[in-house]
Every structure is written in structure tokens, then in C-alpha cells.
Amino acid sequence: MPGWMRDDHKALAELANEFFAKECAPNETRWAQQQHVDREIWTKAGELGLLCASIPEEYGGGGGDFGHEAAIVDAQVRALAPSFGGAVHSAIIAHYINAYGTHEQKLKWLPKMASGEVVAAIAMTEPGTGSDLQGIKTTAVKNGDEYVINGSKTFITNGFLCDLVIVAAKTDPDEGAAGVSLIVVENGITKGRKLEKVGQHGQDTCELFFDNVRVPTSNLLGEEGPGFRYLMEQLPQERLIIAVPAVASMEKAVELTIAYAKERTAFGKPILAFQNTRFELAECSTLGTVARTFLDDCVAKHIAGELDITGAAKAKWWLTEQQNIVADRCVQLFGGYGYMAEYPIARIWTDSRIQKIYGGTNEIMKEIIGRTL
């Protein structure tokens, strides 16, 4: 076990793996066709304590640390059940509310998120902004004791099923980044089309529109204005939760490819008997080992409160880059079958590509690092 992993982390990982293997993996093909998971899978996950594992028990969470979130995500990847959006809901969105919400806001929203009664999303990206969050156009104009929100968001994970969404909006458009606020919207969300993606077909992703949506000012998270700073403060955890499945995916890809190479024959012998196959897998296995060591160090630092923005950026870009390298090399060893959607390696390959883009593109990660040199 990694140095940060305790017995309770391990027990949670085992519970999560059983849940994903039994409740999710058999439904992945159907979920890919409907482009979202079944709504009841959220309440099932909540009943088992697989939502908001690192949120304080006072607010309905598991009272754990980031290691518990990492254990759940790792187990999900190993079970070949990628569609459930629990990581965004639990390890990202819930932590905005926990970090910046009032006691009353936490009591209102977090227990329902932990039970799966409420599915949450966060709306940052807009059609014209991408990774440039300072350039968002969505506005929230105060009118008495309400905000009137107008704008559109895209690429929103959990957007189709969400009951609650944290919206990044300009409360003072003249102030640039200093005019961004985070507002929780529960009603009046117009959900656009479910986006047809290259990979992650069962992961619920859609557009959201806000047309004069009225939200009470009591739904403001934190203060008015420092929303961009809040986003920057939470992004290291978001980037680390992207790095966790990157490593698990690498290890799973190697595991599947070794098993296939032992069974698949060419010219009268298993393809693992060919030096090229062994060398390719030796390199992929080594990359996986190095990646796991790097990730575990980052997780341990984050649990201790020592992982900074630069360290998270390094983990996000490098580990997702290696994920794609390993996935591509493993697909090659499967030959034509690696391009068939029925084979898990094909889904790993297509699902991996977006990892280099969301959470801030890898180019942005390098820019963040570069500014500290």
C-alpha cells in the first residue's frame, strides 16, 4: 500500500470496487448509449458512503481526507466503470461549499449531496473562454435580495442530471478577475443538449443556459468578488483528482494488455513471446511504476496540506501525458481488436484523451510551472 493509505482507505477502496463492478460496469454500454448514468445510482452510492467521503461528518460526509476520495476514484477505474461523475461531485464541488459556504449553506446542501439526493455540477467553462476563466461573460446582477443571472456554460460534467450548480459569474464586469463570484443555482437552469464526445460516452456532459434566472443573494458562496481566487485555491485538488485516474488507467491498461498478450498468438506463439511486445510492456510498466510513485507523493503532500499550485500542475500534466502514451502503446499491441469499442482497452484509449484538456489544459499547466522558474 502507498505510504498515505491506511486500513480505512483500503477498506473503502474494496467497498467502492465491489460497488462499481456490480452496479456500474454491467451498465456501461447502456449508459454510453443514453449519455448519462441512471439517476438512482447516485442514491445507491450515497447509501454506501461513496459520496462526499472527505466532507466533515457534521455535514453528512464521511469525515475522511483526500485519500478516501482517491481510493474511490482508483477503484472506479479498476472496475472499468468510468461513467459515474462522483469525483467531480464529491472531491471538487462539495469542497467549494465546505470551504466558502456558511454553516447554514453547508447544512442545506452538503447532507443531500452526501446522500445522493442532490447531484451537483460546477459551471465555469463557456463557449468562448476554455481555460481562460478570467474571460467569462456570464453575469449576475444584484436586484434587491436576488441575483439575476444571464449567460451560458458548456462542457458541464453532471450537467444533465444536476439539481444544484455552482455558477462562476461576473458580479462586476468592469473588474475583470476581481469581479467574479460563485453563486449556487438550484432552480431555473435550462439544460441544453447532451454533448456527444469522442470518449467518456456515458459521462453526463451538457450545456447550461441561464436566462434571467433569479437566485437569492443568500446563495452567494463566500464574498462577492473573490470568486476567481476561490477557483484558483480549489484547482490543485481538482487537478490531483484528475491525476489519480490517470495512474489507475495506466496500470489497468498494462494489466489488460499483459493478459491479452499471453493469450493472443501470432506465428504459432503468444505475442508476449516476441521481444518487441515484452519491451513495450516493460517500458509501459516502468512508466506506471514511476507515475504511481509520483502520484502517491503528491497525495501524501496534499493530505498534509503541503501540495502547492505548481506541484498539482506538474502532477496533472505529466501524469495525464503518460496516461495517453501508455494507452496508445497498449492499443497498438492489441492490433485491430484494440480499435474495437467492445474491448476495454479501446475505451481506455478514447477516454484518456480529454484528461490532457479539462481541469486546465496541459499547456496551461506548463505555463503555471514556467512562471515559477
# chains A, B, ... in the order shown; residues from 1 in each chain; ligands from 1
>>> residues_around(residues="Met232 of chain A", least_positions_apart="4", cutoff="12 Å", atoms="only C-alpha atoms", output="MDAnalysis selection string")
chainID A and resid 96 124 131:134 177 180 226:228 236:239 308:310 312:313 359:360 368
>>> write_last_selection(atoms="N, CA, C and O atoms", output="compact mmCIF listing (two decimals), in the first residue's frame")
# COMPACT_ATOMS: atom_id res chain seq x y z
N TYR A 96 -15.98 23.26 -2.53
CA TYR A 96 -16.26 24.69 -2.64
C TYR A 96 -17.25 25.11 -1.55
O TYR A 96 -17.06 26.13 -0.89
N MET A 124 -18.08 26.54 -14.95
CA MET A 124 -17.02 27.53 -15.16
C MET A 124 -16.86 27.83 -16.65
O MET A 124 -16.93 28.97 -17.08
N SER A 131 -9.95 27.54 -20.95
CA SER A 131 -9.17 27.62 -19.73
C SER A 131 -9.01 29.04 -19.19
O SER A 131 -8.54 29.24 -18.09
N ASP A 132 -9.43 30.05 -19.97
CA ASP A 132 -9.29 31.45 -19.56
C ASP A 132 -10.50 31.87 -18.73
O ASP A 132 -11.41 32.55 -19.22
N LEU A 133 -10.49 31.50 -17.45
CA LEU A 133 -11.65 31.75 -16.60
C LEU A 133 -11.85 33.24 -16.32
O LEU A 133 -12.96 33.65 -15.95
N GLN A 134 -10.82 34.04 -16.50
CA GLN A 134 -10.98 35.48 -16.28
C GLN A 134 -11.87 36.11 -17.35
O GLN A 134 -12.42 37.19 -17.15
N ALA A 177 -10.98 39.80 -13.36
CA ALA A 177 -10.93 38.65 -12.46
C ALA A 177 -11.45 39.01 -11.07
O ALA A 177 -12.01 38.15 -10.37
N VAL A 180 -15.42 38.39 -10.28
CA VAL A 180 -16.04 37.07 -10.40
C VAL A 180 -16.55 36.60 -9.05
O VAL A 180 -15.85 36.71 -8.04
N PRO A 226 -14.27 37.75 -4.94
CA PRO A 226 -13.07 36.91 -4.97
C PRO A 226 -13.31 35.50 -5.54
O PRO A 226 -12.57 34.58 -5.22
N GLY A 227 -14.33 35.35 -6.37
CA GLY A 227 -14.64 34.03 -6.91
C GLY A 227 -13.48 33.42 -7.70
O GLY A 227 -13.25 32.21 -7.64
N PHE A 228 -12.77 34.28 -8.45
CA PHE A 228 -11.63 33.76 -9.22
C PHE A 228 -10.55 33.21 -8.29
O PHE A 228 -9.96 32.17 -8.55
N PRO A 236 -5.95 23.07 -7.33
CA PRO A 236 -4.97 22.00 -7.07
C PRO A 236 -5.62 20.65 -6.73
O PRO A 236 -5.18 19.60 -7.23
N GLN A 237 -6.68 20.67 -5.92
CA GLN A 237 -7.35 19.40 -5.61
C GLN A 237 -8.05 18.85 -6.86
O GLN A 237 -8.04 17.64 -7.10
N GLU A 238 -8.64 19.73 -7.66
CA GLU A 238 -9.28 19.28 -8.90
C GLU A 238 -8.25 18.62 -9.82
O GLU A 238 -8.52 17.58 -10.43
N ARG A 239 -7.07 19.22 -9.91
CA ARG A 239 -6.05 18.67 -10.80
C ARG A 239 -5.49 17.36 -10.26
O ARG A 239 -5.16 16.46 -11.03
N ASP A 308 1.35 22.45 -3.38
CA ASP A 308 1.04 23.79 -3.87
C ASP A 308 0.50 23.74 -5.30
O ASP A 308 0.38 22.67 -5.91
N ILE A 309 0.16 24.91 -5.82
CA ILE A 309 -0.43 25.01 -7.17
C ILE A 309 0.52 24.45 -8.22
O ILE A 309 0.12 23.73 -9.14
N THR A 310 1.81 24.76 -8.07
CA THR A 310 2.80 24.28 -9.04
C THR A 310 2.93 22.76 -9.00
O THR A 310 2.98 22.10 -10.04
N ALA A 312 0.69 20.58 -8.08
CA ALA A 312 -0.51 19.98 -8.67
C ALA A 312 -0.49 20.08 -10.18
O ALA A 312 -0.91 19.16 -10.88
N ALA A 313 0.01 21.20 -10.69
CA ALA A 313 0.10 21.38 -12.14
C ALA A 313 1.07 20.37 -12.75
O ALA A 313 0.82 19.80 -13.82
N GLY A 359 -9.80 20.56 -16.60
CA GLY A 359 -9.06 20.92 -15.39
C GLY A 359 -7.95 21.91 -15.68
O GLY A 359 -7.07 22.14 -14.83
N GLY A 360 -8.00 22.51 -16.87
CA GLY A 360 -6.91 23.36 -17.34
C GLY A 360 -6.04 22.55 -18.28
O GLY A 360 -5.54 21.48 -17.90
N ILE A 368 1.82 27.66 -15.90
CA ILE A 368 1.82 27.88 -14.44
C ILE A 368 3.18 27.54 -13.86
O ILE A 368 3.74 28.29 -13.06
>>> residues_around(residues="Asn187 of chain A", least_positions_apart="5", cutoff="12 Å", atoms="only C-alpha atoms", output="list in words")
Ile149, Cys162, Asp163, Leu164, Val165, Ile166, Phe209, Phe210, Asp211, Asn212, Val213, Arg214, Val215, Pro216 and Asn219 of chain A
>>> closest_atom_pairs(of="segment 47-85 of chain A", to="segment 97-119 of chain A", cutoff="8 Å", atoms="only C-alpha atoms", output="tab-separated table")
residue	atom	partner	partner_atom	distance
A:Glu47	CA	A:Ser115	CA	6.2
A:Gly49	CA	A:Ala114	CA	7.5
A:Leu51	CA	A:Ala114	CA	5.0
A:Cys52	CA	A:Ala114	CA	5.2
A:Ala53	CA	A:Ala114	CA	7.9
A:Ile55	CA	A:Asn98	CA	7.3
A:Tyr59	CA	A:Pro111	CA	5.4
A:Gly60	CA	A:Pro111	CA	4.3
A:Gly61	CA	A:Ala114	CA	5.7
>>> select_by_dssp(residues="segment 61-239 of chain A", states="alpha helix (DSSP H)", output="MDAnalysis selection string")
chainID A and resid 66:78 86:87 94:100 103:115 227:239
>>> write_last_selection(atoms="C-alpha atoms", output="PDB file, in the first residue's frame")
ATOM      1  CA  PHE A  66      -8.378  13.337   0.205  1.00  0.00           C
ATOM      2  CA  GLY A  67      -7.007   9.790   0.385  1.00  0.00           C
ATOM      3  CA  HIS A  68     -10.559   8.478   0.716  1.00  0.00           C
ATOM      4  CA  GLU A  69     -11.595  10.309  -2.454  1.00  0.00           C
ATOM      5  CA  ALA A  70      -8.507   8.967  -4.244  1.00  0.00           C
ATOM      6  CA  ALA A  71      -9.275   5.413  -3.112  1.00  0.00           C
ATOM      7  CA  ILE A  72     -12.804   5.623  -4.538  1.00  0.00           C
ATOM      8  CA  VAL A  73     -11.685   7.038  -7.894  1.00  0.00           C
ATOM      9  CA  ASP A  74      -8.886   4.477  -8.212  1.00  0.00           C
ATOM     10  CA  ALA A  75     -11.370   1.665  -7.547  1.00  0.00           C
ATOM     11  CA  GLN A  76     -13.757   3.064 -10.151  1.00  0.00           C
ATOM     12  CA  VAL A  77     -11.100   2.954 -12.858  1.00  0.00           C
ATOM     13  CA  ARG A  78     -10.013  -0.571 -11.961  1.00  0.00           C
ATOM     14  CA  GLY A  86     -18.912  11.116  -8.303  1.00  0.00           C
ATOM     15  CA  ALA A  87     -15.393  12.535  -8.277  1.00  0.00           C
ATOM     16  CA  ALA A  94     -18.595  19.728  -2.249  1.00  0.00           C
ATOM     17  CA  HIS A  95     -15.287  21.292  -1.258  1.00  0.00           C
ATOM     18  CA  TYR A  96     -16.258  24.692  -2.643  1.00  0.00           C
ATOM     19  CA  ILE A  97     -19.293  24.642  -0.388  1.00  0.00           C
ATOM     20  CA  ASN A  98     -17.297  23.318   2.558  1.00  0.00           C
ATOM     21  CA  ALA A  99     -14.535  25.897   2.104  1.00  0.00           C
ATOM     22  CA  TYR A 100     -16.573  29.031   1.387  1.00  0.00           C
ATOM     23  CA  HIS A 103     -22.733  26.970   8.324  1.00  0.00           C
ATOM     24  CA  GLU A 104     -26.333  27.293   7.136  1.00  0.00           C
ATOM     25  CA  GLN A 105     -25.383  26.721   3.492  1.00  0.00           C
ATOM     26  CA  LYS A 106     -23.379  23.643   4.401  1.00  0.00           C
ATOM     27  CA  LEU A 107     -26.281  22.202   6.386  1.00  0.00           C
ATOM     28  CA  LYS A 108     -28.627  22.938   3.491  1.00  0.00           C
ATOM     29  CA  TRP A 109     -26.660  21.383   0.641  1.00  0.00           C
ATOM     30  CA  LEU A 110     -23.923  19.013   1.780  1.00  0.00           C
ATOM     31  CA  PRO A 111     -26.039  16.310   3.507  1.00  0.00           C
ATOM     32  CA  LYS A 112     -28.192  15.978   0.393  1.00  0.00           C
ATOM     33  CA  MET A 113     -25.080  15.743  -1.768  1.00  0.00           C
ATOM     34  CA  ALA A 114     -23.647  13.061   0.520  1.00  0.00           C
ATOM     35  CA  SER A 115     -26.836  11.002   0.308  1.00  0.00           C
ATOM     36  CA  GLY A 227     -14.636  34.028  -6.914  1.00  0.00           C
ATOM     37  CA  PHE A 228     -11.627  33.757  -9.217  1.00  0.00           C
ATOM     38  CA  ARG A 229      -9.351  33.402  -6.202  1.00  0.00           C
ATOM     39  CA  TYR A 230     -11.633  30.694  -4.820  1.00  0.00           C
ATOM     40  CA  LEU A 231     -11.343  28.831  -8.119  1.00  0.00           C
ATOM     41  CA  MET A 232      -7.569  29.063  -8.028  1.00  0.00           C
ATOM     42  CA  GLU A 233      -7.471  27.840  -4.423  1.00  0.00           C
ATOM     43  CA  GLN A 234      -9.528  24.752  -5.227  1.00  0.00           C
ATOM     44  CA  LEU A 235      -7.943  23.888  -8.581  1.00  0.00           C
ATOM     45  CA  PRO A 236      -4.966  21.996  -7.066  1.00  0.00           C
ATOM     46  CA  GLN A 237      -7.351  19.399  -5.615  1.00  0.00           C
ATOM     47  CA  GLU A 238      -9.276  19.278  -8.901  1.00  0.00           C
ATOM     48  CA  ARG A 239      -6.054  18.670 -10.796  1.00  0.00           C
TER      49      ARG A 239
END
>>> atom_distance(atom1="atom CA of Lys269 of chain A", atom2="atom CA of Ala346 of chain A")
24.0 Å
>>> closest_residue(among="A:Leu307, A:Asn158, A:Leu333, A:Asp296", to="Arg278 of chain A", atoms="only C-alpha atoms")
A:Leu333
